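Here is the structure we will look at.
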Amino acid sequence: MYARQSGQMGAIMKQKNNSKTGMARLLELAATKKPLMLGSVVLSSLASIASFIPYIAIYLMVREILSVWPRVDSLDAAASLRYGGMAFGGVVLNILFYFGALSCSHLAAFGTLYELKVNFATHLAKVPLGFHILVGSGKLRKIMDENIEKIEEFIAHQLPDIVAAFVAPVVMVVILLAVDWRFGLAAMAGVILSFVLQASMYGNEGAKKMMSQYQKSLENMNNASVEYIRGIAVVKAFKQTVYSFRRLHDTIKEYTSMVIPYTLSWENSFSGFTTLINNIYLFILPVGILIGMNTSDYTGFAATMIFYLIFVPAIAGILMKVMYVNSNSIRILNGVEAMDALLAEPVMSQPAIARGVDSYDVEFQNVSFSYDKSKETKALNGVSFIARQGEVTAIVGASGGGKSTVAHLIPRFFDVTDGALLLGGVDVREMNTSYLMEQVSFVFQDVFLFKQSIRDNIRLGNPTASDEQIVEAARAAQCHEFILKLPKGYDTVIGTKGVNLSGGEKQRVAIARAIVKDAPVIVLDEATAFADPENEHLIQKAFEKLMNNKTVVIIAHRLSTIRSANKIVVMDSGKVLEEGTHEELLALRGKYSLMWQTYNETASWTMKGKGGTVNA
Amino acid sequence: MPDKKKLPRLQDALMLTDKGYKDLKKAIAACTFTNFSMMLPTIVMLEVIMELIKPFTGDEISWNRLWILFAFGIAAAFIVFLCSKNDYKKTYIVSYMESENARTSMAEHIRKLPMSVFNSKDISELTTNLMGDVATTEHVLSHIYPQLFSNAITITVICIMIGFFDWRMGIAIFISVPIAFLIILGSRGVQRKLGKRHADAKLAASEQVQEYIEGLKVIKACNMDGERFGTLEKALRTMRNLAIKFEFGTGIFITGAQVVLQAGVGLTVFVGITLLTGRQIELIPLLMCLLIVTRIYGPIQTELTLLPELLYHQIAIKRMRALMNISPMEGAETPLKEFDIDFKNVNFSYNAGGGETIKDVSVSIQSGGITALVGPSGSGKSTLSRLIARFWDVDGGSITIGGVNVKTLDPEHLMAYMSIVFQDVVLFNDTIYNNIRIGNMNATREQVIAAAKAARCDEFADKLPDGYDTLLGENGSTLSGGERQRLSIARALLKDAPIVLLDEATASLDPESESYIQQAISKLIENKTVIVIAHRLRTIVDADKIIVMNEGEVVEQGTHQELLGKEGLYNKLYSIQQESLGWSI
């Protein structure tokens with residue numbers, strides 16, 4: 001798959017070097033399917049040329065009739081009917097060419113969409129994982145599902161129309177000027193005037209400003225309705241539906257009060273445009289009268305003038321098309337920009353010479369890190385500690401103190417800004433990502449299971465694991481029992497009807513996955529956070545199996561769970577405050593001992609009932 | 001919908017208000033005027049041609065008359081301008097006003113729906129109703145329906161006029177129209193089938209995209225980029241192929257219909273010439289017919305291509321109608337004086353025909369004390385507490401508060417007596433102050449701040465740039481889990497309702513946050529009737545009553561000491577938790 005596409009992909013990826021924007025970028029995307037697009041453009045041009053044929057045919061026929069008028073008996077009926085056939089043929093050609101053009105452009109469009117999506121997905125897998133955490137899956141999905149999808153409209157419909165809209169007037173001008181340049185110029189005056197009118201509609205500053213205000217109010221209304229619906233449960237609970245309803249209602253009102261003047265601001269120019277393109281014959285008429293009054297060859301003059309009178313209505317159809325082409329591009333461009341911004345995100349660097357390791361200490365050497373490099377605030381600031389192989393190292397501290405950042409750096413979700421992170425003495429940046437991933441297992445609080453069987457979900461940890469090994473891991477992770485209770489046991493597909501695992505159950509599946517993987521380094525980030533009390537105990541048992549003789553880095557709020565860790569690292573505001581065993585830290589009488597005290601108070605807190613009895 | 005008045009079919013089909021329907025008719029009339037005004041230039045042009053060919057029949061051409069026609073032409077253009085201005089204004093205003101009405105009435109309807117709707121319906125679906133479906137209506141009302149009807153009217157009138165004039169020419173021009181429409185209508189089955197397959201493929205691809213993006217962490221961790229990527233790639237490829245099939249499948253029919261339609265041009269020329277040579281038609285009428293035939297198929301073709309869009313609009317209408325047909329929960333505003341809560345033989349299941357979530361539960365909860373609901377996850381304790389607040393109506397039995405059946409109470413009225421603190425805190429894109437004030441919109445600023453302080457919100461609010469007036473961002477994205485909890489407790493404190501429903505947070509927080517929340521909860525439950533869904537049994541050992549649930553049934557009840565003595569489920573749960581509390585790595 002990769003190989004076959006790489007050629008076509010080149011153009012899509014190329015934009016990183018020559019970052020084109022706007023229409024140029026859209027054309028560049030379309031150009032990845034050159035033969036199809038070329039075919040579409042040629043056919044579309046032919047179609048618009050063919051659309052002139054009926055008018056010419058009718059003119060020829062009128063001339064034929066006039067040449068014998070009023071003795072119609074002597075009319076060459078066969079010739080007249082040929083013109084009829086020509087008119088009919090013209091429209092059929094127009095339709096068939098246009099159908100051909102759209103067929104080519106659709107093939108190109110769907111092909112391009114497919115490649116863009118594949119390419120986008122490939123790129124996502126190459127950027128640092130932390131990027132996804134920062135951007136959010138919603139936005140990424142929107143790009144895949146909506147923004148890229150919109151390009152279809154441009155390539156499939158607008159591009160052929162734009163080209164036709166340029167080719168047709170040129171052909172028209174040629175025809176107009178070729179027959180009689182004086183009439184031609186008169187008709188051209190009308191065409192040019194309507195173009196000017198159109199340009200003034202789209203070009204003027206006031207319209208642009210209104211457009212952005214309109215977009216803004218539309219966006220406000222969208223956000224308000226999302227918020228309204230998401231918050232409805234709460235506002236109902238507080239009997240405040242009127243309040244939140246009013247907020248939404250205001251944005252709806254505002255949208256209407258914005259969109260109506262915006263739309264009406266086009267009233268005159270739009271109506272003027274419509275009027276103009278339907279009355280271009282009025283430009284012909286005075287010129288014709290002036291010429292005709294002084295002509296010596298009246299028959300020739302009359303035939304030419306009648307030709308122009310019949311032909312000019314054809315202009316209306318073409319110019320209408322140009323009109324519609326303009327209005328949609330902006331929306332599409334915004335989508336493409338969002339996609340390009342993400343495609344420009346640098347991929348994670350891979351070492352030229354990958355190194356391996358045979359020992360598994362994790363060492364933070366003066367590590368600094370910030371999520372947003374433009375900002376001063378650092379998530380980690382000069383953090384140094386060692387998590388030894390075969391030991392449990394716990395990281396504790398208040399929320400926002402940098403604990404999770406530490407957990408995310410070990411599997412290289414992000415690269416450190418300063419300092420270095422070593423595994424077995426080797427900088428993680430000097431290892432292949434896939435190699436590093438083999439060395440590290442992590443269990444986070446947000447567990448993701450795929451919509452496939454539980455067996456396959458566990459097997460993700462180690463594709464070569466036998467069924468026996470999977471069951472064994474599931475037993476060790478305390479999930480064997482609940483799995484057997486599911487409708488199809490290990491073959492139950494997650495997410496099918498009636499199969500809903502609780503947070504704690506999901507977590508145990510994730511632990512089974514980690515057990516099957518059997519990596520030497522284990523990172524646990526608040527892994528018991530969403531456990532139900534009755535299975536928290538089971539998860540704890542599962543952990544014991546998992547952590548056997550590994551380098552374990554654990555982040556936990558419940559201090560009792562980590563009090564016998566080999567080392568506790570206390571973090572606050574991105575720095576390491578204290579380090580040591582539970583007893584050593586208590587003896588320090590510093591931050592940890594304060595936390596321990598608070599923890600014990602919260603652990604003995606109860607809701608006091610009427611009786612106010614205290615049970616211990 | 002309350003009024004059962006029989007609406008005109010079109011009004012009903014488009015879900016229009018009376019005013020909107022009237023305005024639509026006006027818009028159609030305006031468009032029809034424009035269409036007819038567009039014929040004026042053609043008439044002037046014909047007159048010009050007639051004048052030009054006079055010398056061929058031996059008459060004298062009048063240049064003055066041509067100048068007069070030019071003046072008429074200018075006047076006609078002006079009329080066209082006025083007409084199209086008029087129809088532009090009418091069509092857009094009707095569509096925007098109607099979409100405002102539709103959005104408002106739908107939002108109004110949504111807020112009265114029972115909670116069960118928000119539980120069973122996807123939230124994004126409701127938003128689609130409110131925004132997307134209405135936008136579709138907006139579009140068809142401004143761009144399609146007025147033009148569709150006025151074109152139909154104009155075409156029919158022209159057809160009749162030509163028919164009177166010369167029925168043979170009339171038939172020649174219009175015979176192809178019904179055939180073309182029949183082709184489109186006949187192919188609807190195929191189109192729908194292809195459309196459905198395409199839509200399904202799209203959905204499948206979209207699901208794969210979601211799995212891929214959300215699961216990327218796992219995918220990378222397990223070094224399985226290739227395989228997962230393959231599944232996604234295949235779904236995208238299928239979607240591409242079906243999209244192509246769909247476009248071609250529908251395109252072929254539309255193109256076919258267009259070709260058939262345009263065959264009318266050839267037919268008209270043929271009939272015209274035959275009639276002309278037979279001296280059965282004059283040159284001018286023939287010319288007129290020829291000019292008409294080159295222009296009239298345009299609007300008809302447009303109608304043909306718009307048909308699929310109308311089908312799409314019908315789907316949107318169907319969705320909106322389904323939403324509007326859900327009946328809101330109703331009830332009286334009976335004042336409550338006592339707050340003892342009694343469950344009598346309550347049965348409840350989320351979906352009719354599905355398993356029962358609550359089975360024959362009879363318990364009483366005394367006012368003024370703390371009652372804890374405990375049990376394994378999925379035992380029905382959350383459901384039971386939400387039934388008190390009438391999120392749903394029970395299937396069997398009754399729930400009474402102070403002797404009044406909650407089924408007879410207006411849901412919003414009932415809510416006035418309850419403060420609810422659940423785990424999933426929803427915040428608005430507004431200031432902290434306003435987010436708390438939702439608890440009681442009549443509260444003074446002092447009261448709001450006092451509640452915030454009592455819930456320990458000052459601890460984080462003071463650190464923010466504008467204190468309580470700091471904007472929170474979408475769904476309060478800037479606050480941590482613990483801070484959100486405290487904010488929601490502040491809301492409840494401000495509300496000061498006699499009954500408190502509390503769903504204890506399961507997520508563990510750092511000790512400091514945990515301690516703040518405990519302090520806030522202690523304030524909230526002072527002197528209230530409290531029902532707490534407890535996950536940490538340690539926190540409710542002092543409750544006045546503990547109700548133990550398992551698989552939808554109440555299995556034990558009593559105080560902590562009594563229940564420990566029973567050596568039943570509670571005892572078991574409690575000892576497991578004690579064990580896990582003591583656990584250490």
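Please note that chains go A, B, ... in the order of the structure tokens, that every chain numbers its residues from 1, and that ligands are numbered from 1 in the order shown.
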Strand (DSSP E) call set, DSSP backbone run, segment 340-549 of chain A, as a ChimeraX atom specification:
/A:362-369,380-387,392-397,418-423,426-427,440-444,521-525
Could you list, as an MDAnalysis selection string, every residue within 10 Å of Tyr417 of chain B, counting only C-alpha atoms and ignoring same-chain residues fewer than 5 positions away?
(chainID A and resid 237:239) or (chainID B and resid 335:337 339 389 412 495:500)
One decimal place gives the atom CA of Asn566 of chain A-atom CA of Ile386 of chain A separation as 11.4 Å
Excluding Arg71 of chain A and residues on its chain fewer than 4 positions from it, collect all residues at most 12 Å away from it, counting only C-alpha atoms, and give them as a ChimeraX atom specification.
/A:64-67,75-76 /B:56-57,276-279,282-283
Write the selection just made, keeping C-alpha atoms, as a short mmCIF file (atom, residue, chain, number, x, y, z; two decimals), in the first residue's frame?
```
data_model
loop_
_atom_site.label_atom_id
_atom_site.label_comp_id
_atom_site.auth_asym_id
_atom_site.auth_seq_id
_atom_site.Cartn_x
_atom_site.Cartn_y
_atom_site.Cartn_z
CA GLU A 64 -32.13 29.63 -44.29
CA ILE A 65 -35.78 30.55 -43.87
CA LEU A 66 -35.14 34.25 -44.44
CA SER A 67 -33.28 33.51 -47.65
CA LEU A 75 -37.53 26.00 -48.26
CA ASP A 76 -34.91 23.28 -48.23
CA PHE B 56 -37.99 40.66 -46.58
CA THR B 57 -41.77 40.70 -46.85
CA LEU B 276 -43.88 25.95 -41.67
CA THR B 277 -43.44 24.24 -45.02
CA GLY B 278 -47.06 23.11 -44.80
CA ARG B 279 -47.94 26.80 -44.17
CA GLU B 282 -46.27 31.70 -39.30
CA LEU B 283 -42.61 32.60 -39.07
#
```
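Among the candidate residues A:Asn94, A:Asn334, A:Thr32, A:Thr112, the one lying nearest to Leu46 of chain A is A:Asn94, with distances computed using only C-alpha atoms.
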I need the residue nearest Val118 of chain A from this list: B:Gly230, B:Gly298, B:Gly402, B:Gly558. Use only C-alpha atoms for the distance.
B:Gly230
Find the residues near segment 540-549 of chain A: any atom within 10 Å, counting only C-alpha atoms, skip ones fewer than 4 places away on the same chain, and give them as a ChimeraX atom specification.
/A:389-392,441,473-479,508,511-512,514-524,527-528,535-536,553,561 /B:580,583-585
Can I get the selected residues back with N, CA and C atoms, as an mmCIF file, in the first residue's frame?
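Final output, result_2.cif:
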```cif
data_model
loop_
_atom_site.group_PDB
_atom_site.id
_atom_site.type_symbol
_atom_site.label_atom_id
_atom_site.label_comp_id
_atom_site.auth_asym_id
_atom_site.auth_seq_id
_atom_site.Cartn_x
_atom_site.Cartn_y
_atom_site.Cartn_z
ATOM 1 N N GLN A 389 16.069 -0.092 38.111
ATOM 2 C CA GLN A 389 15.525 -1.375 37.666
ATOM 3 C C GLN A 389 15.217 -2.241 38.883
ATOM 4 N N GLY A 390 14.053 -2.913 38.830
ATOM 5 C CA GLY A 390 13.686 -3.786 39.931
ATOM 6 C C GLY A 390 13.121 -3.048 41.131
ATOM 7 N N GLU A 391 12.945 -1.726 40.998
ATOM 8 C CA GLU A 391 12.403 -0.948 42.114
ATOM 9 C C GLU A 391 11.139 -0.218 41.692
ATOM 10 N N VAL A 392 10.374 0.193 42.711
ATOM 11 C CA VAL A 392 9.191 0.995 42.458
ATOM 12 C C VAL A 392 9.503 2.443 42.818
ATOM 13 N N SER A 441 5.893 -0.429 29.000
ATOM 14 C CA SER A 441 4.453 -0.651 29.069
ATOM 15 C C SER A 441 3.867 0.503 29.839
ATOM 16 N N ALA A 473 -2.574 -14.273 31.386
ATOM 17 C CA ALA A 473 -2.433 -12.850 31.697
ATOM 18 C C ALA A 473 -3.737 -12.298 32.244
ATOM 19 N N ALA A 474 -4.855 -12.744 31.648
ATOM 20 C CA ALA A 474 -6.157 -12.271 32.110
ATOM 21 C C ALA A 474 -6.400 -12.710 33.554
ATOM 22 N N ARG A 475 -6.012 -13.943 33.860
ATOM 23 C CA ARG A 475 -6.131 -14.415 35.247
ATOM 24 C C ARG A 475 -5.311 -13.542 36.172
ATOM 25 N N ALA A 476 -4.068 -13.304 35.759
ATOM 26 C CA ALA A 476 -3.171 -12.515 36.590
ATOM 27 C C ALA A 476 -3.712 -11.102 36.791
ATOM 28 N N ALA A 477 -4.385 -10.580 35.754
ATOM 29 C CA ALA A 477 -4.916 -9.220 35.852
ATOM 30 C C ALA A 477 -6.307 -9.209 36.471
ATOM 31 N N GLN A 478 -6.753 -10.355 36.984
ATOM 32 C CA GLN A 478 -8.047 -10.455 37.659
ATOM 33 C C GLN A 478 -9.210 -10.151 36.734
ATOM 34 N N CYS A 479 -9.048 -10.428 35.445
ATOM 35 C CA CYS A 479 -10.217 -10.193 34.586
ATOM 36 C C CYS A 479 -10.759 -11.470 33.968
ATOM 37 N N ARG A 508 -8.487 -3.343 33.998
ATOM 38 C CA ARG A 508 -7.861 -4.655 34.182
ATOM 39 C C ARG A 508 -7.502 -5.290 32.846
ATOM 40 N N ILE A 511 -4.369 -3.835 31.915
ATOM 41 C CA ILE A 511 -3.258 -4.405 32.677
ATOM 42 C C ILE A 511 -2.871 -5.781 32.113
ATOM 43 N N ALA A 512 -3.907 -6.551 31.732
ATOM 44 C CA ALA A 512 -3.623 -7.854 31.111
ATOM 45 C C ALA A 512 -2.792 -7.653 29.850
ATOM 46 N N ALA A 514 -0.717 -5.268 29.333
ATOM 47 C CA ALA A 514 0.651 -4.948 29.760
ATOM 48 C C ALA A 514 1.381 -6.193 30.256
ATOM 49 N N ILE A 515 0.643 -7.107 30.905
ATOM 50 C CA ILE A 515 1.278 -8.332 31.408
ATOM 51 C C ILE A 515 1.739 -9.199 30.235
ATOM 52 N N VAL A 516 0.883 -9.306 29.215
ATOM 53 C CA VAL A 516 1.253 -10.090 28.030
ATOM 54 C C VAL A 516 2.485 -9.492 27.361
ATOM 55 N N LYS A 517 2.544 -8.186 27.414
ATOM 56 C CA LYS A 517 3.649 -7.499 26.754
ATOM 57 C C LYS A 517 4.963 -7.767 27.483
ATOM 58 N N ASP A 518 4.901 -7.772 28.809
ATOM 59 C CA ASP A 518 6.053 -8.120 29.625
ATOM 60 C C ASP A 518 7.277 -7.248 29.318
ATOM 61 N N ALA A 519 7.058 -5.937 29.250
ATOM 62 C CA ALA A 519 8.168 -5.021 28.981
ATOM 63 C C ALA A 519 8.928 -4.734 30.269
ATOM 64 N N PRO A 520 10.207 -4.429 30.165
ATOM 65 C CA PRO A 520 11.014 -4.211 31.369
ATOM 66 C C PRO A 520 10.700 -2.915 32.135
ATOM 67 N N VAL A 521 10.103 -1.925 31.457
ATOM 68 C CA VAL A 521 9.784 -0.672 32.149
ATOM 69 C C VAL A 521 8.274 -0.493 32.169
ATOM 70 N N ILE A 522 7.733 -0.111 33.336
ATOM 71 C CA ILE A 522 6.288 0.057 33.443
ATOM 72 C C ILE A 522 5.964 1.437 33.998
ATOM 73 N N VAL A 523 5.054 2.143 33.301
ATOM 74 C CA VAL A 523 4.628 3.460 33.754
ATOM 75 C C VAL A 523 3.145 3.387 34.079
ATOM 76 N N LEU A 524 2.789 3.724 35.311
ATOM 77 C CA LEU A 524 1.383 3.699 35.716
ATOM 78 C C LEU A 524 0.980 5.112 36.106
ATOM 79 N N ALA A 527 -3.483 4.960 37.535
ATOM 80 C CA ALA A 527 -4.148 3.850 36.866
ATOM 81 C C ALA A 527 -5.343 3.317 37.646
ATOM 82 N N THR A 528 -5.467 3.674 38.900
ATOM 83 C CA THR A 528 -6.629 3.178 39.634
ATOM 84 C C THR A 528 -7.687 4.259 39.763
ATOM 85 N N ASN A 535 -13.575 -3.390 42.826
ATOM 86 C CA ASN A 535 -12.555 -4.008 41.986
ATOM 87 C C ASN A 535 -11.202 -3.315 42.087
ATOM 88 N N GLU A 536 -11.177 -2.235 42.848
ATOM 89 C CA GLU A 536 -9.897 -1.590 43.071
ATOM 90 C C GLU A 536 -8.933 -2.606 43.699
ATOM 91 N N VAL A 553 7.492 3.031 37.399
ATOM 92 C CA VAL A 553 7.256 4.428 37.766
ATOM 93 C C VAL A 553 5.760 4.575 37.941
ATOM 94 N N THR A 561 -1.084 3.803 49.139
ATOM 95 C CA THR A 561 -0.707 2.750 48.196
ATOM 96 C C THR A 561 0.778 2.761 47.864
ATOM 97 N N SER B 580 -8.063 -3.007 50.496
ATOM 98 C CA SER B 580 -7.403 -2.277 49.428
ATOM 99 C C SER B 580 -6.861 -0.945 49.929
ATOM 100 N N TRP B 583 -3.554 -1.545 51.224
ATOM 101 C CA TRP B 583 -2.621 -2.112 50.254
ATOM 102 C C TRP B 583 -1.511 -1.127 49.913
ATOM 103 N N SER B 584 -0.367 -1.699 49.702
ATOM 104 C CA SER B 584 0.732 -0.847 49.291
ATOM 105 C C SER B 584 1.662 -1.651 48.398
ATOM 106 N N ILE B 585 2.314 -0.965 47.522
ATOM 107 C CA ILE B 585 3.161 -1.637 46.535
ATOM 108 C C ILE B 585 4.355 -2.325 47.193
#
```
Residues near segment 110-112 of chain B, cut-off 8 Å, only C-alpha atoms, skip fewer than 2 positions along chain, as a ChimeraX atom specification
/A:232,236,241,245 /B:106-108,114,328-329
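Excluding segment 36-38 of chain B and any residue on its chain fewer than 4 positions from it, the residues at most 9 Å away by only C-alpha atoms are Thr275 and Asn278 of chain A; Cys31, Thr32, Thr42, Ala76, Ala77, Ile79, Val80, Cys83, Ser84 and Thr154 of chain B.
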Write out the residues from the selection above, keeping N, CA and C atoms, as an mmCIF file, in the first residue's frame.
```
data_model
loop_
_atom_site.group_PDB
_atom_site.id
_atom_site.type_symbol
_atom_site.label_atom_id
_atom_site.label_comp_id
_atom_site.auth_asym_id
_atom_site.auth_seq_id
_atom_site.Cartn_x
_atom_site.Cartn_y
_atom_site.Cartn_z
ATOM 1 N N THR A 275 -30.342 41.095 -13.820
ATOM 2 C CA THR A 275 -30.966 41.919 -14.852
ATOM 3 C C THR A 275 -30.018 42.098 -16.045
ATOM 4 N N ASN A 278 -29.435 39.121 -18.380
ATOM 5 C CA ASN A 278 -30.608 38.757 -19.164
ATOM 6 C C ASN A 278 -30.985 39.825 -20.177
ATOM 7 N N CYS B 31 -41.331 35.110 -7.024
ATOM 8 C CA CYS B 31 -40.465 34.424 -7.984
ATOM 9 C C CYS B 31 -41.188 34.252 -9.318
ATOM 10 N N THR B 32 -42.492 33.972 -9.232
ATOM 11 C CA THR B 32 -43.253 33.802 -10.464
ATOM 12 C C THR B 32 -43.277 35.113 -11.249
ATOM 13 N N THR B 42 -37.595 39.010 -23.899
ATOM 14 C CA THR B 42 -37.787 38.119 -25.045
ATOM 15 C C THR B 42 -38.826 38.703 -26.003
ATOM 16 N N ALA B 76 -38.263 47.467 -19.625
ATOM 17 C CA ALA B 76 -38.443 46.055 -19.260
ATOM 18 C C ALA B 76 -37.316 45.609 -18.341
ATOM 19 N N ALA B 77 -36.081 46.033 -18.653
ATOM 20 C CA ALA B 77 -34.938 45.662 -17.808
ATOM 21 C C ALA B 77 -35.139 46.188 -16.398
ATOM 22 N N ILE B 79 -37.973 46.737 -14.959
ATOM 23 C CA ILE B 79 -38.990 45.903 -14.300
ATOM 24 C C ILE B 79 -38.359 44.595 -13.804
ATOM 25 N N VAL B 80 -37.527 43.988 -14.645
ATOM 26 C CA VAL B 80 -36.835 42.751 -14.240
ATOM 27 C C VAL B 80 -36.046 43.013 -12.959
ATOM 28 N N CYS B 83 -38.388 43.297 -9.997
ATOM 29 C CA CYS B 83 -38.961 41.996 -9.656
ATOM 30 C C CYS B 83 -37.923 41.123 -8.960
ATOM 31 N N SER B 84 -36.716 41.112 -9.485
ATOM 32 C CA SER B 84 -35.750 40.184 -8.885
ATOM 33 C C SER B 84 -35.310 40.712 -7.520
ATOM 34 N N THR B 154 -44.720 28.934 -13.841
ATOM 35 C CA THR B 154 -44.375 29.623 -15.083
ATOM 36 C C THR B 154 -44.407 28.659 -16.267
#
```
